[in-house]
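A.B. asks: So I've got this file, input.cif, and it contains mmCIF, C-alpha atoms:
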```cif
data_query
loop_
_atom_site.group_PDB
_atom_site.id
_atom_site.type_symbol
_atom_site.label_atom_id
_atom_site.label_comp_id
_atom_site.auth_asym_id
_atom_site.auth_seq_id
_atom_site.Cartn_x
_atom_site.Cartn_y
_atom_site.Cartn_z
ATOM 1 C CA ILE A 5 -20.312 -8.133 19.822
ATOM 2 C CA LEU A 6 -20.209 -6.471 23.179
ATOM 3 C CA SER A 7 -23.081 -4.286 24.264
ATOM 4 C CA SER A 8 -23.699 -2.035 27.238
ATOM 5 C CA ARG A 9 -26.779 -2.491 29.380
ATOM 6 C CA PRO A 10 -27.680 -0.797 32.623
ATOM 7 C CA ASP A 11 -27.426 -2.976 35.739
ATOM 8 C CA SER A 12 -30.690 -2.564 37.642
ATOM 9 C CA SER A 13 -28.952 -2.680 41.026
ATOM 10 C CA HIS A 14 -26.224 -0.151 40.262
ATOM 11 C CA SER A 15 -25.875 3.068 38.325
ATOM 12 C CA THR A 16 -22.878 1.658 36.428
ATOM 13 C CA HIS A 17 -22.965 -0.248 33.131
ATOM 14 C CA TYR A 18 -21.765 -3.764 32.412
ATOM 15 C CA ARG A 19 -20.827 -5.419 29.162
ATOM 16 C CA LYS A 20 -22.651 -8.507 28.056
ATOM 17 C CA ARG A 21 -20.675 -10.969 25.957
ATOM 18 C CA THR A 22 -22.283 -12.286 22.810
ATOM 19 C CA MET A 23 -20.895 -14.218 19.847
ATOM 20 C CA GLY A 24 -18.964 -12.584 17.045
ATOM 21 C CA VAL A 25 -16.395 -9.907 16.487
ATOM 22 C CA GLU A 26 -16.078 -6.363 17.792
ATOM 23 C CA VAL A 27 -13.869 -3.839 15.997
ATOM 24 C CA GLU A 28 -12.142 -1.254 18.193
ATOM 25 C CA VAL A 29 -10.519 1.433 16.019
ATOM 26 C CA LYS A 30 -7.053 2.556 17.144
ATOM 27 C CA THR A 31 -6.120 4.615 14.076
ATOM 28 C CA ALA A 32 -8.781 5.529 11.522
ATOM 29 C CA GLY A 33 -8.274 4.612 7.887
ATOM 30 C CA ASP A 34 -9.229 6.737 4.911
ATOM 31 C CA GLY A 35 -12.943 5.986 5.349
ATOM 32 C CA LYS A 36 -13.307 5.539 1.569
ATOM 33 C CA HIS A 37 -11.767 2.233 0.571
ATOM 34 C CA PHE A 38 -13.235 -0.872 2.248
ATOM 35 C CA PRO A 39 -12.452 -4.485 1.402
ATOM 36 C CA LYS A 40 -15.120 -6.596 -0.246
ATOM 37 C CA GLN A 41 -15.386 -10.324 -0.766
ATOM 38 C CA GLY A 42 -12.660 -11.626 -3.059
ATOM 39 C CA ASP A 43 -10.245 -8.710 -2.532
ATOM 40 C CA LYS A 44 -6.598 -9.557 -1.878
ATOM 41 C CA LEU A 45 -5.515 -7.863 1.344
ATOM 42 C CA THR A 46 -2.114 -7.140 2.848
ATOM 43 C CA MET A 47 -2.123 -6.742 6.631
ATOM 44 C CA HIS A 48 0.018 -6.698 9.726
ATOM 45 C CA TYR A 49 -1.301 -8.376 12.850
ATOM 46 C CA ILE A 50 -0.476 -9.460 16.388
ATOM 47 C CA GLY A 51 -2.639 -12.259 17.790
ATOM 48 C CA THR A 52 -3.106 -12.770 21.540
ATOM 49 C CA LEU A 53 -5.313 -14.852 23.799
ATOM 50 C CA LYS A 54 -7.976 -12.768 25.514
ATOM 51 C CA SER A 55 -7.718 -14.804 28.724
ATOM 52 C CA ASN A 56 -4.079 -14.000 29.521
ATOM 53 C CA GLY A 57 -2.736 -11.710 26.773
ATOM 54 C CA LYS A 58 -0.267 -14.374 25.580
ATOM 55 C CA LYS A 59 0.937 -13.654 22.047
ATOM 56 C CA PHE A 60 0.566 -16.667 19.749
ATOM 57 C CA ASP A 61 1.479 -15.129 16.373
ATOM 58 C CA SER A 62 2.696 -11.857 14.848
ATOM 59 C CA SER A 63 3.431 -10.788 11.296
ATOM 60 C CA ARG A 64 5.123 -7.714 12.788
ATOM 61 C CA ASP A 65 7.651 -9.916 14.607
ATOM 62 C CA ARG A 66 8.422 -11.689 11.319
ATOM 63 C CA GLY A 67 8.692 -8.347 9.501
ATOM 64 C CA THR A 68 6.491 -9.648 6.679
ATOM 65 C CA PRO A 69 2.875 -8.591 6.183
ATOM 66 C CA PHE A 70 0.240 -11.307 5.778
ATOM 67 C CA GLU A 71 -1.574 -11.590 2.417
ATOM 68 C CA PHE A 72 -4.899 -13.347 1.912
ATOM 69 C CA THR A 73 -8.203 -13.145 0.074
ATOM 70 C CA ILE A 74 -11.059 -11.811 2.232
ATOM 71 C CA GLY A 75 -14.511 -13.355 2.475
ATOM 72 C CA VAL A 76 -13.698 -16.771 1.037
ATOM 73 C CA GLY A 77 -12.790 -18.734 4.181
ATOM 74 C CA GLN A 78 -8.992 -18.394 4.003
ATOM 75 C CA VAL A 79 -9.013 -16.877 7.505
ATOM 76 C CA ILE A 80 -11.136 -17.294 10.622
ATOM 77 C CA LYS A 81 -14.689 -15.946 10.521
ATOM 78 C CA GLY A 82 -13.794 -13.123 12.936
ATOM 79 C CA TRP A 83 -11.290 -11.813 10.386
ATOM 80 C CA ASP A 84 -13.592 -12.313 7.385
ATOM 81 C CA GLU A 85 -16.294 -10.251 9.104
ATOM 82 C CA GLY A 86 -14.233 -7.802 11.186
ATOM 83 C CA VAL A 87 -11.680 -6.787 8.569
ATOM 84 C CA MET A 88 -14.426 -6.006 6.037
ATOM 85 C CA LYS A 89 -15.543 -3.209 8.408
ATOM 86 C CA MET A 90 -12.106 -1.549 8.233
ATOM 87 C CA SER A 91 -10.988 1.056 5.710
ATOM 88 C CA LEU A 92 -7.618 1.288 4.008
ATOM 89 C CA GLY A 93 -4.849 2.342 6.413
ATOM 90 C CA GLU A 94 -6.911 1.560 9.519
ATOM 91 C CA ARG A 95 -5.393 -0.066 12.582
ATOM 92 C CA SER A 96 -7.883 -1.739 14.889
ATOM 93 C CA ILE A 97 -8.271 -4.312 17.608
ATOM 94 C CA LEU A 98 -10.513 -7.260 16.728
ATOM 95 C CA HIS A 99 -12.133 -8.856 19.790
ATOM 96 C CA ILE A 100 -13.170 -12.301 18.542
ATOM 97 C CA THR A 101 -15.237 -14.860 20.436
ATOM 98 C CA SER A 102 -14.137 -18.477 20.099
ATOM 99 C CA ASP A 103 -17.007 -19.398 17.748
ATOM 100 C CA TYR A 104 -15.646 -16.795 15.288
ATOM 101 C CA GLY A 105 -12.078 -18.019 15.903
ATOM 102 C CA TYR A 106 -10.959 -21.637 16.188
ATOM 103 C CA GLY A 107 -13.926 -22.890 18.254
ATOM 104 C CA SER A 108 -13.827 -26.093 20.249
ATOM 105 C CA ARG A 109 -10.897 -27.518 18.261
ATOM 106 C CA GLY A 110 -8.432 -24.714 19.070
ATOM 107 C CA ALA A 111 -5.290 -24.435 16.917
ATOM 108 C CA GLY A 112 -2.142 -26.338 17.767
ATOM 109 C CA ALA A 113 -0.473 -25.914 21.137
ATOM 110 C CA ASP A 114 -0.801 -22.115 21.206
ATOM 111 C CA ILE A 115 -4.580 -21.639 20.931
ATOM 112 C CA PRO A 116 -6.597 -23.807 23.321
ATOM 113 C CA PRO A 117 -10.175 -24.958 22.622
ATOM 114 C CA ASN A 118 -12.903 -22.314 23.086
ATOM 115 C CA ALA A 119 -10.366 -19.461 23.301
ATOM 116 C CA ASP A 120 -11.493 -15.885 22.718
ATOM 117 C CA LEU A 121 -8.887 -13.989 20.689
ATOM 118 C CA VAL A 122 -7.633 -10.431 20.343
ATOM 119 C CA PHE A 123 -5.930 -9.279 17.139
ATOM 120 C CA ASP A 124 -4.170 -5.951 16.628
ATOM 121 C CA VAL A 125 -4.581 -5.578 12.848
ATOM 122 C CA GLU A 126 -3.566 -2.962 10.282
ATOM 123 C CA LEU A 127 -5.002 -2.892 6.749
ATOM 124 C CA LEU A 128 -2.004 -1.951 4.577
ATOM 125 C CA LYS A 129 -3.244 -2.720 1.043
ATOM 126 C CA ILE A 130 -6.387 -3.688 -0.857
ATOM 127 C CA ASN A 131 -5.627 -5.394 -4.174
ATOM 128 C CA GLY A 132 -2.121 -3.916 -4.068
ATOM 129 C CA LYS A 133 -3.297 -0.333 -3.452
ATOM 130 C CA LYS A 134 -2.082 1.457 -0.344
ATOM 131 C CA LEU A 135 -2.398 4.923 1.095
ATOM 132 C CA LEU A 136 0.253 7.280 -0.268
ATOM 133 C CA THR A 137 2.384 9.855 1.496
ATOM 134 C CA GLU A 138 2.782 13.325 -0.056
ATOM 135 C CA GLN A 139 6.259 12.293 -1.267
ATOM 136 C CA GLU A 140 4.979 9.074 -2.855
ATOM 137 C CA LEU A 141 2.257 11.045 -4.652
ATOM 138 C CA ALA A 142 4.837 13.582 -5.886
ATOM 139 C CA ASP A 143 7.077 10.742 -7.109
ATOM 140 C CA PHE A 144 4.123 9.139 -8.901
ATOM 141 C CA LYS A 145 3.281 12.456 -10.582
ATOM 142 C CA LYS A 146 6.895 12.764 -11.777
ATOM 143 C CA ARG A 147 6.805 9.210 -13.203
ATOM 144 C CA LEU A 148 3.570 10.024 -15.063
ATOM 145 C CA GLU A 149 5.075 13.212 -16.512
ATOM 146 C CA ASN A 150 8.213 11.294 -17.594
ATOM 147 C CA TRP A 151 5.997 8.655 -19.216
ATOM 148 C CA GLN A 152 4.168 11.368 -21.181
ATOM 149 C CA THR A 153 7.454 13.011 -22.252
ATOM 150 C CA LYS A 154 8.871 9.666 -23.475
ATOM 151 C CA LYS A 155 5.699 8.866 -25.413
ATOM 152 C CA LEU A 156 5.834 12.257 -27.194
ATOM 153 C CA ALA A 157 9.579 11.876 -27.873
ATOM 154 C CA LYS A 158 8.945 8.485 -29.484
ATOM 155 C CA TYR A 159 6.103 10.001 -31.507
ATOM 156 C CA ASP A 160 8.467 12.738 -32.741
ATOM 157 C CA SER A 161 11.384 10.414 -33.549
ATOM 158 C CA ASP A 162 9.758 7.231 -34.876
ATOM 159 C CA GLU A 163 7.764 7.247 -38.132
ATOM 160 C CA LYS A 164 5.870 3.976 -37.395
ATOM 161 C CA THR A 165 4.810 5.221 -33.961
ATOM 162 C CA ARG A 166 3.700 8.540 -35.446
ATOM 163 C CA GLU A 167 1.631 6.789 -38.157
ATOM 164 C CA SER A 168 0.022 4.462 -35.627
ATOM 165 C CA ARG A 169 -0.832 7.275 -33.190
ATOM 166 C CA ASN A 170 -2.103 9.554 -35.971
ATOM 167 C CA LYS A 171 -4.400 6.755 -37.146
ATOM 168 C CA LYS A 172 -5.851 6.458 -33.640
ATOM 169 C CA HIS A 173 -5.721 10.097 -32.446
ATOM 170 C CA GLY A 174 -5.562 12.247 -35.605
ATOM 171 C CA ASP A 175 -2.419 14.339 -35.056
ATOM 172 C CA ARG A 176 0.292 15.183 -32.505
ATOM 173 C CA GLU A 177 -1.865 17.709 -30.646
ATOM 174 C CA SER A 178 -4.734 15.212 -30.250
ATOM 175 C CA TYR A 179 -2.283 12.504 -29.135
ATOM 176 C CA LYS A 180 -0.753 14.916 -26.606
ATOM 177 C CA LYS A 181 -4.214 15.770 -25.232
ATOM 178 C CA TRP A 182 -4.997 12.057 -24.886
ATOM 179 C CA LEU A 183 -1.714 11.523 -22.969
ATOM 180 C CA GLU A 184 -2.508 14.491 -20.726
ATOM 181 C CA GLY A 185 -5.931 12.988 -20.046
ATOM 182 C CA GLU A 186 -4.330 9.684 -19.045
ATOM 183 C CA VAL A 187 -1.938 11.487 -16.685
ATOM 184 C CA THR A 188 -4.753 13.559 -15.161
ATOM 185 C CA SER A 189 -6.975 10.497 -14.666
ATOM 186 C CA SER A 190 -4.193 8.417 -13.081
ATOM 187 C CA LEU A 191 -3.177 11.292 -10.824
ATOM 188 C CA ALA A 192 -6.794 11.845 -9.722
ATOM 189 C CA GLU A 193 -7.106 8.168 -8.753
ATOM 190 C CA ALA A 194 -3.795 8.275 -6.861
ATOM 191 C CA THR A 195 -4.822 11.462 -5.029
ATOM 192 C CA LYS A 196 -7.803 9.553 -3.584
ATOM 193 C CA LEU A 197 -5.245 7.331 -1.845
ATOM 194 C CA LEU A 198 -3.400 10.221 -0.171
ATOM 195 C CA LYS A 199 -2.900 9.739 3.576
ATOM 196 C CA LYS A 200 -4.662 12.396 5.581
#
```
Spit out the file's structure as structure tokens when you get a sec.
C.D. replies:
Amino acid sequence: ILSSRPDSSHSTHYRKRTMGVEVEVKTAGDGKHFPKQGDKLTMHYIGTLKSNGKKFDSSRDRGTPFEFTIGVGQVIKGWDEGVMKMSLGERSILHITSDYGYGSRGAGADIPPNADLVFDVELLKINGKKLLTEQELADFKKRLENWQTKKLAKYDSDEKTRESRNKKHGDRESYKKWLEGEVTSSLAEATKLLKK
């Protein structure tokens, strides 16, 4: 982590390098949904060497987001720690010292030993959930309403379904209220994922 300390001989500040990862937010996420150990994440990234800016890998160039499980050692320590500080939808720069990257061994021909790394990362999904646009939320609401309509139509047209639902819910009105509750609950959860 980088820190600022006053230089006793000047009025300016300098940055002292220490071990670890620093997260520099480019675009804020929702501030509500953060990854935790064991979550499956979907991300885009561009990896570069801090020393010369040379790109060594990019999911964006491949056009395919990277999926992994956070906090279980599937990725370098700088990712395991830095990404857990990000919220859903966030795009940040991870400044990673070599000890939180590939250390003294490096990685193949592209990442030399003791290389500090810079990753431009975007947290797209946590356990398959992503931030929704207004249109995606409206489409989801329509699908929920269609689901409710189909369930009631089957109740009205199929004797076995009606008997089964009446046994569980009492009558058509109670079943309809239960369906409405399911729609309301699902819509409330989806609304929490609305992009701001």
A.B. asks: Would you list the contacts of Lys134 (chain A) as a compact mmCIF listing (two decimals) with C-alpha atoms, keeping the file's coordinate frame, taking every protein, DNA or RNA residue within 8 Å and counting all atoms listed in the file, but skipping same-chain residues closer than 6 positions in sequence?
C.D. replies:
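Result went into around27.txt, see below:
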```
# COMPACT_ATOMS: atom_id res chain seq x y z
CA LEU A 92 -7.62 1.29 4.01
CA GLY A 93 -4.85 2.34 6.41
CA LEU A 128 -2.00 -1.95 4.58
CA LEU A 197 -5.24 7.33 -1.84
```
A.B. asks: So, counting only C-alpha atoms, which residue among A:Asp124, A:Glu149, A:Glu71, A:Asp103 is closest to Gly57 (chain A)?
C.D. replies: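 Result for the nearest residue to Gly57 (chain A): A:Asp124.
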A.B. asks: Can you measure CA of Thr52 (chain A) to CA of Val122 (chain A) for me? One decimal in Å is fine.
C.D. replies: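 Separating CA of Thr52 (chain A) from CA of Val122 (chain A) is a distance of 5.2 Å.
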A.B. asks: Env of Phe123 (chain A): 6 Å cut, atoms = all atoms listed in the file, seq-sep filter 2 positions within chain, self excluded. Answer as a list in words.
C.D. replies: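 The residues satisfying every condition are Ile50, Gly51, Ile97, Leu98 and Val125 of chain A.
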A.B. asks: With the PyMOL selection byres ((chain A and resi 62) around 9) as the selection, what would be picked from this file? Answer as a list in words, please.
C.D. replies: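 Given this file, the PyMOL selection byres ((chain A and resi 62) around 9) evaluates to His48, Tyr49, Ile50, Gly51, Thr52, Lys59, Phe60, Asp61, Ser63, Arg64, Asp65, Arg66 and Gly67 of chain A.
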A.B. asks: Could you write out as a VMD selection string the residues that the PyMOL selection byres ((chain A and resi 40) around 10) matches in the shown file?
C.D. replies: chain A and resid 37 to 39 41 to 45 73 to 75 84 87 to 89 130
A.B. asks: Restricted to C-alpha atoms, what would the selected residues look like written as a tab-separated table (two decimals), in the frame of the given file?
C.D. replies:
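Once written, result_27.tsv looks like this:
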```
chain	number	residue	atom	x	y	z
A	37	HIS	CA	-11.77	2.23	0.57
A	38	PHE	CA	-13.24	-0.87	2.25
A	39	PRO	CA	-12.45	-4.49	1.40
A	41	GLN	CA	-15.39	-10.32	-0.77
A	42	GLY	CA	-12.66	-11.63	-3.06
A	43	ASP	CA	-10.24	-8.71	-2.53
A	44	LYS	CA	-6.60	-9.56	-1.88
A	45	LEU	CA	-5.52	-7.86	1.34
A	73	THR	CA	-8.20	-13.14	0.07
A	74	ILE	CA	-11.06	-11.81	2.23
A	75	GLY	CA	-14.51	-13.36	2.48
A	84	ASP	CA	-13.59	-12.31	7.38
A	87	VAL	CA	-11.68	-6.79	8.57
A	88	MET	CA	-14.43	-6.01	6.04
A	89	LYS	CA	-15.54	-3.21	8.41
A	130	ILE	CA	-6.39	-3.69	-0.86
```
A.B. asks: For the file shown, report as a list in words the outcome of the PyMOL selection byres ((chain A and resi 28) around 7) at residue level.
C.D. replies: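 Output of the PyMOL selection byres ((chain A and resi 28) around 7): Glu26, Val27, Val29, Lys30, Ser96, Ile97 and Leu98 of chain A.
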A.B. asks: Kindly provide, as a PyMOL selection string, the polymer residues lying within 7 Å of (-4.5, 7.6, 5.8), counting all atoms listed in the file and using the coordinates exactly as they appear in the file.
C.D. replies: chain A and resi 33-34+93+135+198-200
A.B. asks: For region 62-74 of chain A, what centre and edge lengths in Å (one decimal) does the axis-aligned box get once 8 Å is added on each side of all its listed atoms, as JSON?
C.D. replies:
```
{"center_x": -1.2, "center_y": -10.5, "center_z": 7.5, "size_x": 35.8, "size_y": 21.6, "size_z": 30.8}
```
A.B. asks: For region 163-180 of chain A, find every residue with an atom within 12 Å (counting only C-alpha atoms), except residues of its own chain fewer than 4 positions away, and show them as an mmCIF file with C-alpha atoms, keeping the file's coordinate frame.
C.D. replies:
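Final file, result_20.cif:
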```cif
data_model
loop_
_atom_site.group_PDB
_atom_site.id
_atom_site.type_symbol
_atom_site.label_atom_id
_atom_site.label_comp_id
_atom_site.auth_asym_id
_atom_site.auth_seq_id
_atom_site.Cartn_x
_atom_site.Cartn_y
_atom_site.Cartn_z
ATOM 1 C CA GLU A 149 5.075 13.212 -16.512
ATOM 2 C CA TRP A 151 5.997 8.655 -19.216
ATOM 3 C CA GLN A 152 4.168 11.368 -21.181
ATOM 4 C CA THR A 153 7.454 13.011 -22.252
ATOM 5 C CA LYS A 154 8.871 9.666 -23.475
ATOM 6 C CA LYS A 155 5.699 8.866 -25.413
ATOM 7 C CA LEU A 156 5.834 12.257 -27.194
ATOM 8 C CA ALA A 157 9.579 11.876 -27.873
ATOM 9 C CA LYS A 158 8.945 8.485 -29.484
ATOM 10 C CA TYR A 159 6.103 10.001 -31.507
ATOM 11 C CA GLU A 184 -2.508 14.491 -20.726
ATOM 12 C CA GLY A 185 -5.931 12.988 -20.046
ATOM 13 C CA GLU A 186 -4.330 9.684 -19.045
ATOM 14 C CA VAL A 187 -1.938 11.487 -16.685
#
```
A.B. asks: For a quick check of understanding, using all atoms listed in the file, which of A:Ser189, A:Lys58, A:Lys145, A:Lys36 has the smallest distance to Ile115 (chain A)?
C.D. replies: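 Nearest to Ile115 (chain A): A:Lys58.
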